[in-house]
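> What follows is a structure written as C-alpha cells; I'll ask about it next.
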Amino acid sequence: MKMITRKVYPKPEVCMACRLCEVYCVVAHSKSQDILKAFKREKSRPMPRLHVEEKGPMSFALGCRHCDEPLCVYSCLTGAITRDPVTGIVAVDTDKCVGCWTCVIACPYGAISPDMNRKKASKCDLCFHLETPACVANCPNEALVCVAINEN
Amino acid sequence: MWRSMRTDYLIIGNSAGGIGAVEAIRQIDREGLITIISDEPYPVYSRPLISEHLAGEMDLVGMLYRSDDFYTVNKVQTIFGKEVVCLDIAAGEVELADTEKISYQKLLLSTGGNPIFPPMDGSDKRGVFTFTTLDNAKEIAEMVKEGSRKAVVIGGGLIGISVTDALKKLGVNVIIVELMGRILSAVLDEEASRMAREVVEAADVEFRTGHTVKTIVGDDGIVSGVILDDGEEIECDLVIVAIGVVPRIDLVKDTDIKVNRGILVDRHMATSNPDVYACGDVAESYDFIYEDDRVVPIWPNAHIGGRIAGYNMAGKEAEYHGGTAMNSLKYFGLSIVSAGMVNPMRDIECEVLSQRDDGRYQKFVLQNGKLVGMVLVRDIEKAGIYFGLMRDGVDVSDFKDSLLSEEFGIISLPENILRKRLDLPDLSKLSAVTVREEIEVVVDEG
C-alpha cells in the first residue's frame, strides 16, 4: 500500500529544553495563529500537543508517534480516534471525543493529553495544514526532525 | 421450514469485539463472506455512552462507534434484532429464532455480558431496569419523561455510578444501595473510593453501603419503593439494578467448548474448538498482571481481543499480549484512573507507594519489582506512561522513587526503554533529512 506521510523525531542530543516547540504548537492550533493573541487574548487556548521532558543534561520533546499498531485507536470507547490507512495519521475527531481519557491510559508515550477545559483528547496532528510542523519549524536548535516518508 | 445460508466468518455480537474482528479480517481477506448477528437492532454504538444518551446529551447518531457505511464498505452481511438460539459445533452452524440456519467456517463469540440480577421479591414490577443497553437507556429516559423523580440504584460500581450521573443530570433523586462497605470497590482502593464518594455525595446522592434490597414494593405492578435488608423502606419510582455483568455463555452451555467463568481462550483467542473464537466480556483471556486467564469486561480488551481473533480466523497468526482491568472515571467532575491490581491480595507480597495532597492522589502497587497496579485521582496526564510499564512488565525497582515525583516522565525510564519510547530512527539509514525544509525520503520497504 502506498503511504505518504511525515514523522517528527526528537534529537535529544541537541535539545535545550527551551520549550519553543510547545509555544509554537499552541500558536499553530490557536484560533488567531498569532503568538501574542494566542497567549494573551484567546480565552480557551489549546494545549501543546507535544511535551518537553527534562532531567539533568538530557531533554527532548515528544509527541504522538502515530504508531502502526495504535493502542489509543483500539482503546477509544467512541471511535473518535482513527488511523488513516493511507497516511498513517492517528487523529482525534473532536466531535466524537467525549473526554473519557481511556486513550490517555492506553498510550505508553504519554502523548495524548486530557484537555480538561474542552473535555477532549489533545494530540499531535502533524500540522498537515502547514508546510512543516510548527514545532519543527520553530526549534532554534534543530532538535526536532521532520521526515517525509513515501513508501511504495 | 428451515432456511439456511452459509458464511465464511460468523460473528455473534455487534460491539467492540465483533467490530475489531471485522476490521482485522478485512485486512487479510477482502472477499470472504462475513456475517454479523446481534439481538440488538442497532448498528454498532458505543455502549459506554448509554449514560450520555440517558442524560439526553447524545442521540444514536452521536453514539455510533463506526460510520454508518461501515458494513457496506467492509462487505458485512448484518442480521440485527435476531437472537441465536442454538449453536451446533459438530455441524458448524447456528440456528436463529426464526428457523434460519447459518453454517460457518470460523465463528467468533463476542456475545458480551448479561447484567447480574439477584433474586428480589417484586422485581417484575414496572420501573425496574438494568443498565447495559441502549434500549435500557431509552426505557429509563421514557420513565423519567413520564415523571419518575426518585430512583434507587442497586450497586455502586461503574455501571451504578454512571447511571446515577445521568439521572442526576435529569433532576432525579438517587439513593445508591451498595452491598460492600464502599463504592467502586472492584476498581478503586479505599482512599480513591472515599474521594469518589465525596464528590458523588456533594452532588446530593445518598448512599446505603453495606446493605442490599430485599423487596421491591408497589401496587398494580408498579414500583413505589424498596425495602432493604435492615428493614428500611425507601420510596422510589425507579429501581436500577447495576451490580455488574457476567459472561453471556448460554450458547456454549450444551457444547464441549471449555468454560470456566467465561469462555476459555488461548493467546490466539481460540476456544477449545479451533474453529471457534471468543473475545470481550464473554471470554476468559490472558491478564498480564495476574498472569492468568481472567474475565476483564472492558471495552479496549474486547476490541483488541476481537482484532487478534479476526487475524487468526483469516489465517494470519497473531498473539494476544493480554489485557488487564483499566478504567477511567470522569463522573461528577472528578477524574480517576485505575489499572491492574489496585487492591493487593492478602497472600501476595506487595510494596505500595502512595501520596495524597490537595485532592490529588497517586498510588502504585509493586510486586517483584514490577508495577502491577495504579490509582490516580485528578492528575491523570501520565497514566499512559505508567500503564505502559505495567503492560511491558518493566522492572521499576531502580527508579521506583521517581514514580511519585511530579517530574516523572518518559525521561525517568531506564536507557533501553527510553530509547524504545523515543522511537528514534536510525538517521544514518535515511539518506537525507533536514530540519527546516522537508526533503522527501524514500523508505524502501522491499
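Identifiers for the C-alpha cells are assigned positionally: chains receive A, B, ... in sequence, residues are indexed from 1 per chain, and ligands are indexed from 1 in the order shown.
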At most 8 Å is the cut-off: for each residue in range 73-110 of chain A with any atom that close to an atom of range 376-389 of chain B, write down the nearest atom pair and the distance in Å rounded to one decimal, counting only C-alpha atoms, chain first then increasing number, as a tab-separated table.

```
residue	atom	partner	partner_atom	distance
A:Cys103	CA	B:Gly384	CA	7.9
A:Val104	CA	B:Gly384	CA	5.5
A:Ile105	CA	B:Gly384	CA	3.9
A:Ala106	CA	B:Gly384	CA	5.4
A:Cys107	CA	B:Gly384	CA	4.8
A:Pro108	CA	B:Gly388	CA	4.4
A:Tyr109	CA	B:Ile385	CA	5.7
A:Gly110	CA	B:Gly384	CA	5.1
```
> Should the cut-off be 8 Å, what would the residue list for chain A against chain B look like, counting only C-alpha atoms, as a ChimeraX atom specification?
/A:9-10,53-55,59,62,65,74-80,96,100-110,112-114,132,136-137,142,144-152
> For the residues in that selection, give me N, CA and C atoms as a tab-separated table (two decimals), in the first residue's frame.

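Writing the result to part.tsv gives the following:
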```tsv
chain	number	residue	atom	x	y	z
A	9	TYR	N	10.66	13.39	14.68
A	9	TYR	CA	11.53	12.69	15.65
A	9	TYR	C	12.28	13.70	16.50
A	10	PRO	N	12.45	13.40	17.77
A	10	PRO	CA	13.27	14.27	18.62
A	10	PRO	C	14.75	13.93	18.47
A	53	GLU	N	10.48	17.07	27.96
A	53	GLU	CA	10.87	16.44	29.22
A	53	GLU	C	12.33	16.74	29.47
A	54	GLU	N	12.65	16.92	30.74
A	54	GLU	CA	13.99	17.38	31.08
A	54	GLU	C	14.45	16.71	32.35
A	55	LYS	N	15.70	16.22	32.33
A	55	LYS	CA	16.26	15.62	33.55
A	55	LYS	C	17.77	15.75	33.44
A	59	SER	N	17.34	16.25	27.60
A	59	SER	CA	15.97	16.74	27.34
A	59	SER	C	15.56	16.37	25.92
A	62	LEU	N	8.57	15.32	22.97
A	62	LEU	CA	7.94	14.10	22.50
A	62	LEU	C	6.44	14.31	22.25
A	65	ARG	N	3.54	9.27	18.32
A	65	ARG	CA	4.40	8.51	17.40
A	65	ARG	C	3.63	8.02	16.18
A	74	TYR	N	-7.33	1.50	19.29
A	74	TYR	CA	-8.00	0.27	19.70
A	74	TYR	C	-8.76	0.45	21.03
A	75	SER	N	-8.31	1.40	21.84
A	75	SER	CA	-8.90	1.57	23.16
A	75	SER	C	-10.02	2.58	23.20
A	76	CYS	N	-10.08	3.45	22.18
A	76	CYS	CA	-11.06	4.53	22.17
A	76	CYS	C	-12.48	3.98	22.30
A	77	LEU	N	-13.22	4.51	23.26
A	77	LEU	CA	-14.55	3.97	23.53
A	77	LEU	C	-15.59	4.40	22.50
A	78	THR	N	-15.34	5.51	21.81
A	78	THR	CA	-16.38	6.07	20.96
A	78	THR	C	-16.09	5.96	19.48
A	79	GLY	N	-14.87	5.55	19.12
A	79	GLY	CA	-14.50	5.54	17.71
A	79	GLY	C	-13.99	6.89	17.25
A	80	ALA	N	-13.67	7.78	18.20
A	80	ALA	CA	-13.22	9.13	17.84
A	80	ALA	C	-11.79	9.14	17.31
A	96	LYS	N	-16.58	13.55	18.09
A	96	LYS	CA	-16.93	12.25	18.66
A	96	LYS	C	-16.27	11.98	20.02
A	100	CYS	N	-13.26	10.72	27.73
A	100	CYS	CA	-13.31	9.64	28.73
A	100	CYS	C	-11.91	9.30	29.21
A	101	TRP	N	-10.90	9.71	28.45
A	101	TRP	CA	-9.47	9.57	28.78
A	101	TRP	C	-8.96	8.13	28.74
A	102	THR	N	-9.71	7.24	28.13
A	102	THR	CA	-9.20	5.86	28.01
A	102	THR	C	-7.93	5.84	27.14
A	103	CYS	N	-7.89	6.70	26.12
A	103	CYS	CA	-6.70	6.78	25.26
A	103	CYS	C	-5.49	7.28	26.05
A	104	VAL	N	-5.74	8.15	27.01
A	104	VAL	CA	-4.65	8.70	27.83
A	104	VAL	C	-3.96	7.56	28.59
A	105	ILE	N	-4.77	6.60	29.06
A	105	ILE	CA	-4.18	5.45	29.77
A	105	ILE	C	-3.51	4.50	28.77
A	106	ALA	N	-4.07	4.40	27.58
A	106	ALA	CA	-3.59	3.40	26.62
A	106	ALA	C	-2.24	3.76	26.01
A	107	CYS	N	-1.93	5.06	25.88
A	107	CYS	CA	-0.73	5.48	25.16
A	107	CYS	C	0.52	5.37	26.04
A	108	PRO	N	1.44	4.48	25.70
A	108	PRO	CA	2.64	4.30	26.54
A	108	PRO	C	3.62	5.46	26.46
A	109	TYR	N	3.40	6.37	25.50
A	109	TYR	CA	4.28	7.52	25.35
A	109	TYR	C	3.78	8.73	26.14
A	110	GLY	N	2.61	8.61	26.71
A	110	GLY	CA	2.03	9.76	27.40
A	110	GLY	C	1.77	10.89	26.42
A	112	ILE	N	-0.93	11.59	24.59
A	112	ILE	CA	-2.27	12.16	24.49
A	112	ILE	C	-2.59	12.87	25.80
A	113	SER	N	-2.92	14.14	25.70
A	113	SER	CA	-3.19	14.92	26.90
A	113	SER	C	-4.68	15.13	27.09
A	114	PRO	N	-5.13	15.03	28.34
A	114	PRO	CA	-6.53	15.34	28.59
A	114	PRO	C	-6.72	16.86	28.65
A	132	THR	N	5.56	22.71	7.17
A	132	THR	CA	6.39	21.97	8.11
A	132	THR	C	5.71	22.07	9.48
A	136	VAL	N	8.75	21.76	14.60
A	136	VAL	CA	9.99	21.55	13.86
A	136	VAL	C	10.49	22.87	13.28
A	137	ALA	N	9.58	23.61	12.67
A	137	ALA	CA	9.95	24.86	12.00
A	137	ALA	C	10.50	25.89	12.98
A	142	GLU	N	17.39	22.85	15.96
A	142	GLU	CA	17.19	21.69	15.09
A	142	GLU	C	17.10	20.38	15.88
A	144	LEU	N	14.28	18.90	16.55
A	144	LEU	CA	13.14	18.12	16.07
A	144	LEU	C	13.31	17.97	14.57
A	145	VAL	N	13.12	16.76	14.11
A	145	VAL	CA	13.34	16.49	12.70
A	145	VAL	C	12.03	16.02	12.08
A	146	CYS	N	11.70	16.61	10.96
A	146	CYS	CA	10.52	16.13	10.25
A	146	CYS	C	10.98	15.33	9.04
A	147	VAL	N	10.51	14.12	8.97
A	147	VAL	CA	10.89	13.25	7.86
A	147	VAL	C	9.65	12.99	7.02
A	148	ALA	N	9.75	13.27	5.75
A	148	ALA	CA	8.65	12.91	4.85
A	148	ALA	C	8.89	11.50	4.37
A	149	ILE	N	7.89	10.69	4.47
A	149	ILE	CA	8.07	9.29	4.13
A	149	ILE	C	7.16	8.96	2.95
A	150	ASN	N	7.75	8.39	1.96
A	150	ASN	CA	6.99	7.99	0.78
A	150	ASN	C	7.26	6.52	0.52
A	151	GLU	N	6.39	5.70	1.05
A	151	GLU	CA	6.59	4.25	0.92
A	151	GLU	C	5.86	3.73	-0.30
A	152	ASN	N	6.54	2.94	-1.05
A	152	ASN	CA	5.87	2.35	-2.20
A	152	ASN	C	5.69	0.85	-2.02
```
> Using only C-alpha atoms, which protein or nucleic acid residues come within 8 Å of Gly92 in chain B? Drop anything in the same chain fewer than 4 positions from it, and give the result as a ChimeraX atom specification.
/B:87-88,103-105
> I'd like the neighbourhood of Ser30 in chain A as a list in words, where a residue qualifies if any of its atoms comes within 9 Å (using only C-alpha atoms), though same-chain residues fewer than 2 positions away should be ignored.
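My reading of the contact set: Cys25, Val26, Val27, Ala28, Ser32, Gln33, Asp34, Ile35, Lys37, Ala38, Phe39, Glu42, Ser44, Arg45 and Pro46 of chain A.
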> When you draw a straight line from CA of Gly147 in chain B to CA of Arg126 in chain B, how long is it in Å?
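Between CA of Gly147 in chain B and CA of Arg126 in chain B the gap is 13.6 Å.
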> Have a look at CA of Arg346 in chain B and CA of Gly262 in chain B and let me know their distance in Å, one decimal.
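So the two atoms, CA of Arg346 in chain B and CA of Gly262 in chain B, lie 24.7 Å apart.
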